[in-house]
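Engineer: To start, I am sharing the structure in question, which I have written as structure tokens.
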Amino acid sequence: MVRVGFLTSGGDCQALNATMRGIAKTLYQQRKDIEIIGFIDGYKGLMYENYRIMQPSDFEGILNLGGTILGTSRCPFKKMRVIENGFDKVAAMKKTYQKLKLDCLAVLGGNGSLKTAHLLSQEGMNVIGLPKTIDNDTWGTDYTFGFQSAVDIASRYLDEIQTTAYSHSRVFIVEIMGHKVGHICLSAGIAAGADIILLPEIPYDIEVIAQDIQKKVQAGQKSILIACAEGALSKEESMLSKKQYKLKVASREGHSVVYEIAQKLSHYIDKEIRVSLAGHAQRGGSPCAYDREMATLMGVEGAKLILDKNYGQLVVFVDHHLTAIPLEETAGKLKYVDVHGDTVQNARLMGISFGDE
Ligand code: F6P
């Protein structure tokens with residue numbers, strides 16, 4: 001009997017179910033003695049022995065189902081300590097792992113969750129990782145499932161803003177998700193024809209943005225669409241220490257950076273400015289076809305790692321090939337937008353501004 005635990009951890013995204021289906025179908029196809037145990041709400045399920053024994057039928061009809069059939073929660077070690085009020089979380093997870101006689105644990109997670117997966121693997125558990133996140137910021141892989149679906153939704157959202165911006169001759173600043181990186185914003189911004197794209201990787205200067213808007217208006221443009229990553233930074237903010245920047249963000253009291261940019265811009269331009277947030281819809285609904293395909297194939301690759309007992313690995317997509325890298329290589333690192341890469345450079349050539357020069 002091969003016993004495999006599944007868990008989905010961190011913010012959800014499209015194609016989590018498609019990935020689990022890909023792993024499960026391959027395991028059931030290749031071996032007759034597979035038992036899959038699904039942990040409820042991510043690592044919490046492993047910690048508090050909250051699980052269910054999965055049947056092949058649990059993986060039917062879920063290929064295009066958004067969210068996760070297992071539930072998820074944020075990674076337990078992000079803000080909290082490993083030992084809290086005398087409760088050792090790693091020891092608790094190890095106990096469940098051993099009690100259930102697991103041969104392997106498959107973790108579908110983003111950066112924080114993969115760091116924990118690596119920690120568990122260092123503790124002697126057999127773990128494999130599958131790169132999940134709309135942000136596409138996992139180091140070591142060109143692609144994380146969920147990303148393309150989020151880009152599709154964000155670009156459609158920008159399309160809808162585009163028409164109302166045009167009718168009212170307004171400047172619209174739209175916040176796009178992506179945490180500390182700008183991958184979704186860059187792709188969706190180009191796909192939707194944004195005039196200005198603001199990314200965490202390219203600190204902006206408010207005066208430059210204002211000049212760019214004026215130039216475009218003088219050239220006859222009625223409306224201006226700004227796609228702004230939620231982690232976008234001004235040049236001044238990019239020079240702050242980590243601590244100072246955290247205080248700065250806290251001073252926004254949960255309000256998005258787009259409000260601050262709109263307020264600052266209003267001192268320079270006399271066009272009407274509106275803001276809009278694409279929000280969590282970017283993570284919702286059915287995965288697009290590309291994500292279904294990628295997630296399914298990444299799932300198969302994950303199953304191969306399990307069947308080959310090749311543990312401590314993360315499934316990755318590099319140079320159009322699916323392969324795996326050690327979890328320790330990716331743990332704790334982020335993949336940022338390449339500001340000197342073709343995408344940014346070509347966007348600049350066609351007149352898209354990044355608010356920096
Ligand atoms: O990591 C995915 C993501 O959607 C980020 O883009 C965003 O910053 C964050 O999660 C939002 O997290 P929460 O769902 O906890 O508000």
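Identifiers in this document derive from the order of the structure tokens: chains are assigned A, B, ..., residues are numbered from 1 separately in each chain, and ligands are numbered from 1 in order of occurrence.
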Enumerate residues in contact with ligand 1: an atom-to-atom distance of at most 9 Å, counting only C-alpha atoms and all ligand atoms. Format the result as a list in words.

Structural biologist: Gly10, Gly11, Asp12, Cys13, Ser73, Arg74, Gly110, Asn111, Thr133, Ile134, Asp135, Asn136, Asp137, Ile176, Met177, Gly178, His179, Lys180, Val181, Ile184, Glu230, Gly231, Gly279, His280, Gln282 and Arg283 of chain A

Engineer: Print the selection's residues with N, CA and C atoms to a file, as an mmCIF file, in the first residue's frame.

Structural biologist:
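Final output, result-v5.cif:
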```
data_model
loop_
_atom_site.group_PDB
_atom_site.id
_atom_site.type_symbol
_atom_site.label_atom_id
_atom_site.label_comp_id
_atom_site.auth_asym_id
_atom_site.auth_seq_id
_atom_site.Cartn_x
_atom_site.Cartn_y
_atom_site.Cartn_z
ATOM 1 N N GLY A 10 -2.000 28.094 1.608
ATOM 2 C CA GLY A 10 -1.840 29.493 1.181
ATOM 3 C C GLY A 10 -3.083 29.989 0.461
ATOM 4 N N GLY A 11 -2.963 31.164 -0.162
ATOM 5 C CA GLY A 11 -4.109 31.712 -0.901
ATOM 6 C C GLY A 11 -4.508 30.738 -2.000
ATOM 7 N N ASP A 12 -5.806 30.559 -2.207
ATOM 8 C CA ASP A 12 -6.206 29.600 -3.239
ATOM 9 C C ASP A 12 -5.924 30.173 -4.630
ATOM 10 N N CYS A 13 -6.141 29.370 -5.633
ATOM 11 C CA CYS A 13 -6.052 29.848 -7.010
ATOM 12 C C CYS A 13 -6.786 28.849 -7.886
ATOM 13 N N SER A 73 -5.539 27.283 4.004
ATOM 14 C CA SER A 73 -5.327 28.349 4.993
ATOM 15 C C SER A 73 -3.915 28.857 4.777
ATOM 16 N N ARG A 74 -3.684 30.046 5.317
ATOM 17 C CA ARG A 74 -2.342 30.623 5.176
ATOM 18 C C ARG A 74 -1.328 29.778 5.918
ATOM 19 N N GLY A 110 2.381 28.000 -2.570
ATOM 20 C CA GLY A 110 3.243 29.070 -3.059
ATOM 21 C C GLY A 110 4.472 29.180 -2.170
ATOM 22 N N ASN A 111 5.097 30.353 -2.174
ATOM 23 C CA ASN A 111 6.404 30.478 -1.523
ATOM 24 C C ASN A 111 6.448 30.098 -0.047
ATOM 25 N N THR A 133 0.328 29.413 -7.467
ATOM 26 C CA THR A 133 0.033 30.799 -7.083
ATOM 27 C C THR A 133 -0.285 31.628 -8.321
ATOM 28 N N ILE A 134 -1.284 32.487 -8.168
ATOM 29 C CA ILE A 134 -1.590 33.390 -9.283
ATOM 30 C C ILE A 134 -0.423 34.343 -9.518
ATOM 31 N N ASP A 135 0.405 34.561 -8.486
ATOM 32 C CA ASP A 135 1.455 35.590 -8.567
ATOM 33 C C ASP A 135 2.620 35.205 -9.487
ATOM 34 N N ASN A 136 2.757 33.936 -9.788
ATOM 35 C CA ASN A 136 3.866 33.409 -10.619
ATOM 36 C C ASN A 136 5.245 33.841 -10.099
ATOM 37 N N ASP A 137 5.376 33.890 -8.774
ATOM 38 C CA ASP A 137 6.620 34.414 -8.204
ATOM 39 C C ASP A 137 7.486 33.342 -7.549
ATOM 40 N N ILE A 176 -4.018 45.668 -9.434
ATOM 41 C CA ILE A 176 -3.941 44.265 -9.842
ATOM 42 C C ILE A 176 -3.155 43.505 -8.774
ATOM 43 N N MET A 177 -3.601 42.304 -8.453
ATOM 44 C CA MET A 177 -2.908 41.514 -7.418
ATOM 45 C C MET A 177 -1.502 41.100 -7.854
ATOM 46 N N GLY A 178 -0.780 40.482 -6.931
ATOM 47 C CA GLY A 178 0.572 40.008 -7.283
ATOM 48 C C GLY A 178 1.531 40.059 -6.124
ATOM 49 N N HIS A 179 1.030 40.504 -4.959
ATOM 50 C CA HIS A 179 1.841 40.591 -3.746
ATOM 51 C C HIS A 179 3.070 41.468 -4.006
ATOM 52 N N LYS A 180 4.294 40.927 -3.856
ATOM 53 C CA LYS A 180 5.483 41.785 -3.982
ATOM 54 C C LYS A 180 6.028 41.851 -5.396
ATOM 55 N N VAL A 181 5.381 41.159 -6.341
ATOM 56 C CA VAL A 181 5.906 41.140 -7.707
ATOM 57 C C VAL A 181 4.847 41.607 -8.703
ATOM 58 N N ILE A 184 1.492 39.520 -12.840
ATOM 59 C CA ILE A 184 0.098 39.567 -13.341
ATOM 60 C C ILE A 184 -0.162 40.931 -13.967
ATOM 61 N N GLU A 230 -0.384 45.741 -6.905
ATOM 62 C CA GLU A 230 -0.676 46.106 -5.508
ATOM 63 C C GLU A 230 0.585 46.433 -4.718
ATOM 64 N N GLY A 231 1.741 45.921 -5.190
ATOM 65 C CA GLY A 231 2.984 46.198 -4.463
ATOM 66 C C GLY A 231 3.803 47.308 -5.092
ATOM 67 N N GLY A 279 -9.264 42.948 -7.349
ATOM 68 C CA GLY A 279 -9.576 42.138 -6.169
ATOM 69 C C GLY A 279 -9.482 40.627 -6.308
ATOM 70 N N HIS A 280 -10.148 39.952 -5.343
ATOM 71 C CA HIS A 280 -10.003 38.497 -5.236
ATOM 72 C C HIS A 280 -10.669 37.718 -6.366
ATOM 73 N N GLN A 282 -9.737 37.781 -9.121
ATOM 74 C CA GLN A 282 -8.586 37.313 -9.915
ATOM 75 C C GLN A 282 -8.171 35.888 -9.549
ATOM 76 N N ARG A 283 -8.550 35.467 -8.347
ATOM 77 C CA ARG A 283 -8.196 34.108 -7.913
ATOM 78 C C ARG A 283 -9.361 33.138 -8.057
#
```

Engineer: Show me, as a PyMOL selection string, the residues that have an atom within 12 Å of segment 245-253 of chain A when counting only C-alpha atoms, minus same-chain residues fewer than 5 positions from it.

Structural biologist: chain A and resi 230-240+258-261

Engineer: Find the spatial neighbours of Gly42 of chain A, counting only C-alpha atoms, within a cut-off of 7 Å - ignore same-chain residues fewer than 6 positions away - and output them as a ChimeraX atom specification.

Structural biologist: /A:7-9,71-73

Engineer: Suppose you want the space between atom CA of Asp205 of chain A and atom CA of Gln162 of chain A; what is it in Å?

Structural biologist: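 Taking atom CA of Asp205 of chain A as the start and atom CA of Gln162 of chain A as the end point, the length is 23.4 Å.
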
Engineer: Could you name the residues that touch Arg292 of chain A at 8 Å or less, counting only C-alpha atoms, but leaving out those on the same chain fewer than 3 positions away, as an mmCIF file with N, CA and C atoms, in the first residue's frame?

Structural biologist:
```
data_model
loop_
_atom_site.group_PDB
_atom_site.id
_atom_site.type_symbol
_atom_site.label_atom_id
_atom_site.label_comp_id
_atom_site.auth_asym_id
_atom_site.auth_seq_id
_atom_site.Cartn_x
_atom_site.Cartn_y
_atom_site.Cartn_z
ATOM 1 N N ALA A 15 -7.187 25.971 -10.625
ATOM 2 C CA ALA A 15 -6.429 24.778 -11.020
ATOM 3 C C ALA A 15 -5.785 23.984 -9.876
ATOM 4 N N ALA A 18 -7.515 20.744 -10.393
ATOM 5 C CA ALA A 18 -7.008 20.091 -11.602
ATOM 6 C C ALA A 18 -5.664 19.417 -11.313
ATOM 7 N N THR A 19 -4.838 20.052 -10.488
ATOM 8 C CA THR A 19 -3.526 19.475 -10.158
ATOM 9 C C THR A 19 -3.697 18.205 -9.331
ATOM 10 N N LEU A 63 -11.956 18.963 -12.689
ATOM 11 C CA LEU A 63 -10.907 19.555 -13.539
ATOM 12 C C LEU A 63 -11.110 21.061 -13.729
ATOM 13 N N ASN A 64 -12.334 21.461 -13.924
ATOM 14 C CA ASN A 64 -12.576 22.890 -14.183
ATOM 15 C C ASN A 64 -13.201 23.601 -12.992
ATOM 16 N N PRO A 287 -10.489 27.496 -13.840
ATOM 17 C CA PRO A 287 -9.194 27.741 -14.497
ATOM 18 C C PRO A 287 -9.361 27.832 -16.008
ATOM 19 N N CYS A 288 -8.538 28.639 -16.633
ATOM 20 C CA CYS A 288 -8.561 28.714 -18.099
ATOM 21 C C CYS A 288 -7.951 27.419 -18.664
ATOM 22 N N ALA A 289 -8.089 27.233 -19.969
ATOM 23 C CA ALA A 289 -7.627 25.982 -20.583
ATOM 24 C C ALA A 289 -6.131 25.755 -20.341
ATOM 25 N N ALA A 295 -1.728 22.362 -15.092
ATOM 26 C CA ALA A 295 -1.935 21.763 -13.772
ATOM 27 C C ALA A 295 -2.022 20.247 -13.889
ATOM 28 N N THR A 296 -2.722 19.777 -14.914
ATOM 29 C CA THR A 296 -2.853 18.329 -15.102
ATOM 30 C C THR A 296 -1.469 17.710 -15.322
#
```

Engineer: Determine, counting only C-alpha atoms, which protein, DNA and RNA residues have an atom within 8 Å of an atom of Lys271 of chain A; residues of the same chain fewer than 5 positions away are not included. Present the result as a VMD selection string.

Structural biologist: chain A and resid 169 to 171 266

Engineer: Could you please take those selected residues and save N, CA and C atoms as an mmCIF file, in the first residue's frame?

Structural biologist:
```
data_model
loop_
_atom_site.group_PDB
_atom_site.id
_atom_site.type_symbol
_atom_site.label_atom_id
_atom_site.label_comp_id
_atom_site.auth_asym_id
_atom_site.auth_seq_id
_atom_site.Cartn_x
_atom_site.Cartn_y
_atom_site.Cartn_z
ATOM 1 N N SER A 169 -13.771 60.262 -20.366
ATOM 2 C CA SER A 169 -12.459 60.903 -20.543
ATOM 3 C C SER A 169 -11.677 60.970 -19.231
ATOM 4 N N ARG A 170 -11.646 59.848 -18.539
ATOM 5 C CA ARG A 170 -11.005 59.853 -17.216
ATOM 6 C C ARG A 170 -9.661 59.114 -17.205
ATOM 7 N N VAL A 171 -8.934 59.372 -16.129
ATOM 8 C CA VAL A 171 -7.754 58.565 -15.830
ATOM 9 C C VAL A 171 -8.220 57.502 -14.837
ATOM 10 N N SER A 266 -3.525 63.969 -8.472
ATOM 11 C CA SER A 266 -4.520 65.047 -8.591
ATOM 12 C C SER A 266 -3.869 66.433 -8.429
#
```

Engineer: Could you find all residues in segment 39-250 of chain A that DSSP calls strand (DSSP E) from the backbone, and write them as a ChimeraX atom specification?

Structural biologist: /A:39,51-54,83-84,87-88,104-109,127-131,171-176,196-198,224-229

Engineer: Counting only C-alpha atoms, figure out which residue out of A:Ile273, A:Leu307, A:Ile53, A:Val90 gets nearest to Asp103 of chain A.

Structural biologist: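 Distance minimum relative to Asp103 of chain A lands on A:Leu307.
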